[in-house]
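A short worksheet on the structure shown next.
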Amino acid sequence: FRSFSALGADVTVGGTSFTFEKQKGPAPADAAAAPTEVWKQTKPDAKEIDQTKFTDFLTTMSNLRAEKFAEKALAFGAEFVLTARFGDAASPQTDEVRFRKSGAVVHAIRPGEGGAAVVSTADFDKALALIKELTGVK
């Protein structure tokens, strides 16, 4: 997925699941202007979120790329799960990745695939810090 094509995201961090949805924003003052879209947290509680931080989170996550591959995924470590919905709202596509961090290594694990991609720890940590700040997870 790409941050601009995302429609929604489910995030599990610190054992708690959160759902974020792109929704229509307030009508623009200028009738000729296009309606805005805003990100909102819808679960476990509905609330407004910082648009810039959430967009930065999505951009960072969508830009993660495999630096190399591991034959076996880490069996333990802190877990973070991202399920992104993107594309056409009438028939969205879904992309799920489970991240597992142990020490200074982060594995990205896709359901049904063997092994794991090793991704940038610095970029993953940036995204994790953003989502924790947005959700209040410690």
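Residue names in the structure tokens use chain letters A, B, ... in the order shown, residue numbers from 1 in each chain, and ligand numbers from 1 in the order shown.
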Hey, what's within 8 Å of stretch 39-46 of chain A if we count only C-alpha atoms and toss same-chain stuff fewer than 2 positions away? As a PDB file with all heavy atoms, in the first residue's frame, please?
ATOM      1  N   SER A  17      -5.470  -3.503  20.078  1.00  0.00           N
ATOM      2  CA  SER A  17      -5.778  -3.243  18.666  1.00  0.00           C
ATOM      3  C   SER A  17      -6.489  -1.913  18.503  1.00  0.00           C
ATOM      4  O   SER A  17      -7.346  -1.550  19.313  1.00  0.00           O
ATOM      5  CB  SER A  17      -6.655  -4.365  18.108  1.00  0.00           C
ATOM      6  OG  SER A  17      -5.939  -5.575  18.107  1.00  0.00           O
ATOM      7  N   PHE A  18      -6.121  -1.205  17.440  1.00  0.00           N
ATOM      8  CA  PHE A  18      -6.697   0.090  17.104  1.00  0.00           C
ATOM      9  C   PHE A  18      -7.103   0.060  15.638  1.00  0.00           C
ATOM     10  O   PHE A  18      -6.429  -0.560  14.819  1.00  0.00           O
ATOM     11  CB  PHE A  18      -5.666   1.211  17.305  1.00  0.00           C
ATOM     12  CG  PHE A  18      -5.183   1.329  18.720  1.00  0.00           C
ATOM     13  CD1 PHE A  18      -4.095   0.583  19.157  1.00  0.00           C
ATOM     14  CD2 PHE A  18      -5.823   2.176  19.614  1.00  0.00           C
ATOM     15  CE1 PHE A  18      -3.652   0.677  20.469  1.00  0.00           C
ATOM     16  CE2 PHE A  18      -5.384   2.280  20.927  1.00  0.00           C
ATOM     17  CZ  PHE A  18      -4.297   1.533  21.357  1.00  0.00           C
ATOM     18  N   THR A  19      -8.196   0.754  15.317  1.00  0.00           N
ATOM     19  CA  THR A  19      -8.636   0.875  13.936  1.00  0.00           C
ATOM     20  C   THR A  19      -8.681   2.348  13.573  1.00  0.00           C
ATOM     21  O   THR A  19      -9.176   3.170  14.353  1.00  0.00           O
ATOM     22  CB  THR A  19     -10.028   0.243  13.736  1.00  0.00           C
ATOM     23  OG1 THR A  19      -9.934  -1.153  14.034  1.00  0.00           O
ATOM     24  CG2 THR A  19     -10.519   0.419  12.304  1.00  0.00           C
ATOM     25  N   PHE A  20      -8.154   2.659  12.405  1.00  0.00           N
ATOM     26  CA  PHE A  20      -8.135   4.026  11.882  1.00  0.00           C
ATOM     27  C   PHE A  20      -8.822   4.016  10.531  1.00  0.00           C
ATOM     28  O   PHE A  20      -8.591   3.108   9.727  1.00  0.00           O
ATOM     29  CB  PHE A  20      -6.694   4.531  11.737  1.00  0.00           C
ATOM     30  CG  PHE A  20      -5.943   4.522  13.035  1.00  0.00           C
ATOM     31  CD1 PHE A  20      -5.206   3.415  13.422  1.00  0.00           C
ATOM     32  CD2 PHE A  20      -5.984   5.617  13.890  1.00  0.00           C
ATOM     33  CE1 PHE A  20      -4.531   3.390  14.627  1.00  0.00           C
ATOM     34  CE2 PHE A  20      -5.314   5.602  15.089  1.00  0.00           C
ATOM     35  CZ  PHE A  20      -4.577   4.496  15.466  1.00  0.00           C
ATOM     36  N   GLU A  21      -9.653   5.011  10.283  1.00  0.00           N
ATOM     37  CA  GLU A  21     -10.389   5.104   9.024  1.00  0.00           C
ATOM     38  C   GLU A  21     -10.240   6.494   8.435  1.00  0.00           C
ATOM     39  O   GLU A  21     -10.235   7.489   9.162  1.00  0.00           O
ATOM     40  CB  GLU A  21     -11.880   4.846   9.257  1.00  0.00           C
ATOM     41  CG  GLU A  21     -12.212   3.491   9.839  1.00  0.00           C
ATOM     42  CD  GLU A  21     -12.053   2.336   8.883  1.00  0.00           C
ATOM     43  OE1 GLU A  21     -12.050   2.581   7.654  1.00  0.00           O
ATOM     44  OE2 GLU A  21     -11.919   1.196   9.353  1.00  0.00           O
ATOM     45  N   LYS A  22     -10.153   6.542   7.110  1.00  0.00           N
ATOM     46  CA  LYS A  22     -10.170   7.823   6.409  1.00  0.00           C
ATOM     47  C   LYS A  22     -11.635   8.191   6.210  1.00  0.00           C
ATOM     48  O   LYS A  22     -12.409   7.389   5.692  1.00  0.00           O
ATOM     49  CB  LYS A  22      -9.465   7.716   5.060  1.00  0.00           C
ATOM     50  CG  LYS A  22      -9.273   9.072   4.380  1.00  0.00           C
ATOM     51  CD  LYS A  22      -8.668   8.930   2.993  1.00  0.00           C
ATOM     52  CE  LYS A  22      -7.213   8.569   3.051  1.00  0.00           C
ATOM     53  NZ  LYS A  22      -6.589   8.548   1.705  1.00  0.00           N
ATOM     54  N   GLN A  23     -12.011   9.389   6.668  1.00  0.00           N
ATOM     55  CA  GLN A  23     -13.399   9.833   6.583  1.00  0.00           C
ATOM     56  C   GLN A  23     -13.473  11.196   5.919  1.00  0.00           C
ATOM     57  O   GLN A  23     -12.486  11.914   5.853  1.00  0.00           O
ATOM     58  CB  GLN A  23     -14.011   9.905   7.987  1.00  0.00           C
ATOM     59  CG  GLN A  23     -14.019   8.574   8.699  1.00  0.00           C
ATOM     60  CD  GLN A  23     -14.588   8.658  10.102  1.00  0.00           C
ATOM     61  OE1 GLN A  23     -14.885   9.731  10.610  1.00  0.00           O
ATOM     62  NE2 GLN A  23     -14.734   7.505  10.734  1.00  0.00           N
ATOM     63  N   GLU A  37     -10.438  14.940   3.354  1.00  0.00           N
ATOM     64  CA  GLU A  37     -10.522  13.654   4.031  1.00  0.00           C
ATOM     65  C   GLU A  37      -9.627  13.728   5.258  1.00  0.00           C
ATOM     66  O   GLU A  37      -8.553  14.325   5.203  1.00  0.00           O
ATOM     67  CB  GLU A  37     -10.071  12.522   3.114  1.00  0.00           C
ATOM     68  CG  GLU A  37     -10.989  12.330   1.918  1.00  0.00           C
ATOM     69  CD  GLU A  37     -10.529  11.224   1.006  1.00  0.00           C
ATOM     70  OE1 GLU A  37      -9.314  11.053   0.817  1.00  0.00           O
ATOM     71  OE2 GLU A  37     -11.392  10.530   0.467  1.00  0.00           O
ATOM     72  N   GLU A  48     -10.383  11.971  17.570  1.00  0.00           N
ATOM     73  CA  GLU A  48      -9.603  12.721  16.591  1.00  0.00           C
ATOM     74  C   GLU A  48      -8.130  12.374  16.798  1.00  0.00           C
ATOM     75  O   GLU A  48      -7.702  12.124  17.926  1.00  0.00           O
ATOM     76  CB  GLU A  48      -9.810  14.224  16.786  1.00  0.00           C
ATOM     77  CG  GLU A  48     -11.253  14.678  16.711  1.00  0.00           C
ATOM     78  CD  GLU A  48     -11.833  14.591  15.318  1.00  0.00           C
ATOM     79  OE1 GLU A  48     -11.114  14.864  14.348  1.00  0.00           O
ATOM     80  OE2 GLU A  48     -13.025  14.236  15.207  1.00  0.00           O
ATOM     81  N   ILE A  49      -7.367  12.386  15.710  1.00  0.00           N
ATOM     82  CA  ILE A  49      -5.928  12.137  15.828  1.00  0.00           C
ATOM     83  C   ILE A  49      -5.166  13.206  15.057  1.00  0.00           C
ATOM     84  O   ILE A  49      -5.724  13.887  14.207  1.00  0.00           O
ATOM     85  CB  ILE A  49      -5.543  10.720  15.319  1.00  0.00           C
ATOM     86  CG1 ILE A  49      -5.944  10.538  13.853  1.00  0.00           C
ATOM     87  CG2 ILE A  49      -6.153   9.652  16.200  1.00  0.00           C
ATOM     88  CD1 ILE A  49      -5.407   9.269  13.237  1.00  0.00           C
ATOM     89  N   GLN A  51      -3.302  14.538  12.270  1.00  0.00           N
ATOM     90  CA  GLN A  51      -3.251  14.146  10.857  1.00  0.00           C
ATOM     91  C   GLN A  51      -1.822  14.003  10.344  1.00  0.00           C
ATOM     92  O   GLN A  51      -1.496  13.060   9.624  1.00  0.00           O
ATOM     93  CB  GLN A  51      -4.027  15.146  10.001  1.00  0.00           C
ATOM     94  CG  GLN A  51      -5.497  15.261  10.367  1.00  0.00           C
ATOM     95  CD  GLN A  51      -6.234  13.933  10.216  1.00  0.00           C
ATOM     96  OE1 GLN A  51      -6.331  13.405   9.111  1.00  0.00           O
ATOM     97  NE2 GLN A  51      -6.751  13.398  11.305  1.00  0.00           N
ATOM     98  N   PHE A  54      -0.139  10.832  11.813  1.00  0.00           N
ATOM     99  CA  PHE A  54      -0.659   9.587  11.261  1.00  0.00           C
ATOM    100  C   PHE A  54      -0.204   9.403   9.816  1.00  0.00           C
ATOM    101  O   PHE A  54       0.172   8.305   9.419  1.00  0.00           O
ATOM    102  CB  PHE A  54      -2.184   9.501  11.360  1.00  0.00           C
ATOM    103  CG  PHE A  54      -2.677   8.113  11.072  1.00  0.00           C
ATOM    104  CD1 PHE A  54      -2.520   7.102  12.003  1.00  0.00           C
ATOM    105  CD2 PHE A  54      -3.257   7.804   9.855  1.00  0.00           C
ATOM    106  CE1 PHE A  54      -2.935   5.805  11.733  1.00  0.00           C
ATOM    107  CE2 PHE A  54      -3.675   6.516   9.573  1.00  0.00           C
ATOM    108  CZ  PHE A  54      -3.516   5.520  10.521  1.00  0.00           C
TER     109      PHE A  54
END
As a PyMOL selection string, which residues of chain A does DSSP assign to strand (DSSP E)? chain A and resi 6-13+16-24+37-43+47-48+68-70+78-86+93-102+105-109+116-119
Please identify all polymer residues within 8 Å of A:Ala78, counting only C-alpha atoms, omitting same-chain residues fewer than 2 positions from it, and present them as a ChimeraX atom specification. /A:76,80,100-102
Of the residues A:Ala29, A:Leu58, A:Ala89, A:Ala104, which is the one nearest to A:Ser120, using only C-alpha atoms?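 Among A:Ala29, A:Leu58, A:Ala89, A:Ala104, it is A:Ala104 that comes nearest to A:Ser120.
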A:Thr36, A:Gln93, A:Thr55, A:Ser3: which is nearest A:Leu134, counting only C-alpha atoms?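 Closest residue, counting only C-alpha atoms: A:Thr55.
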Expressed in Å to a single decimal, how great is the separation between atom CA of A:Phe57 and atom CA of A:Ala127?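 Spanning atom CA of A:Phe57 to atom CA of A:Ala127 is a straight-line distance of 5.1 Å.
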Taking only C-alpha atoms into account, which of A:Val137, A:Val105, A:Ala34, A:Ala90 comes nearest A:Val11?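 For A:Val11, the nearest of the given residues is A:Val137.
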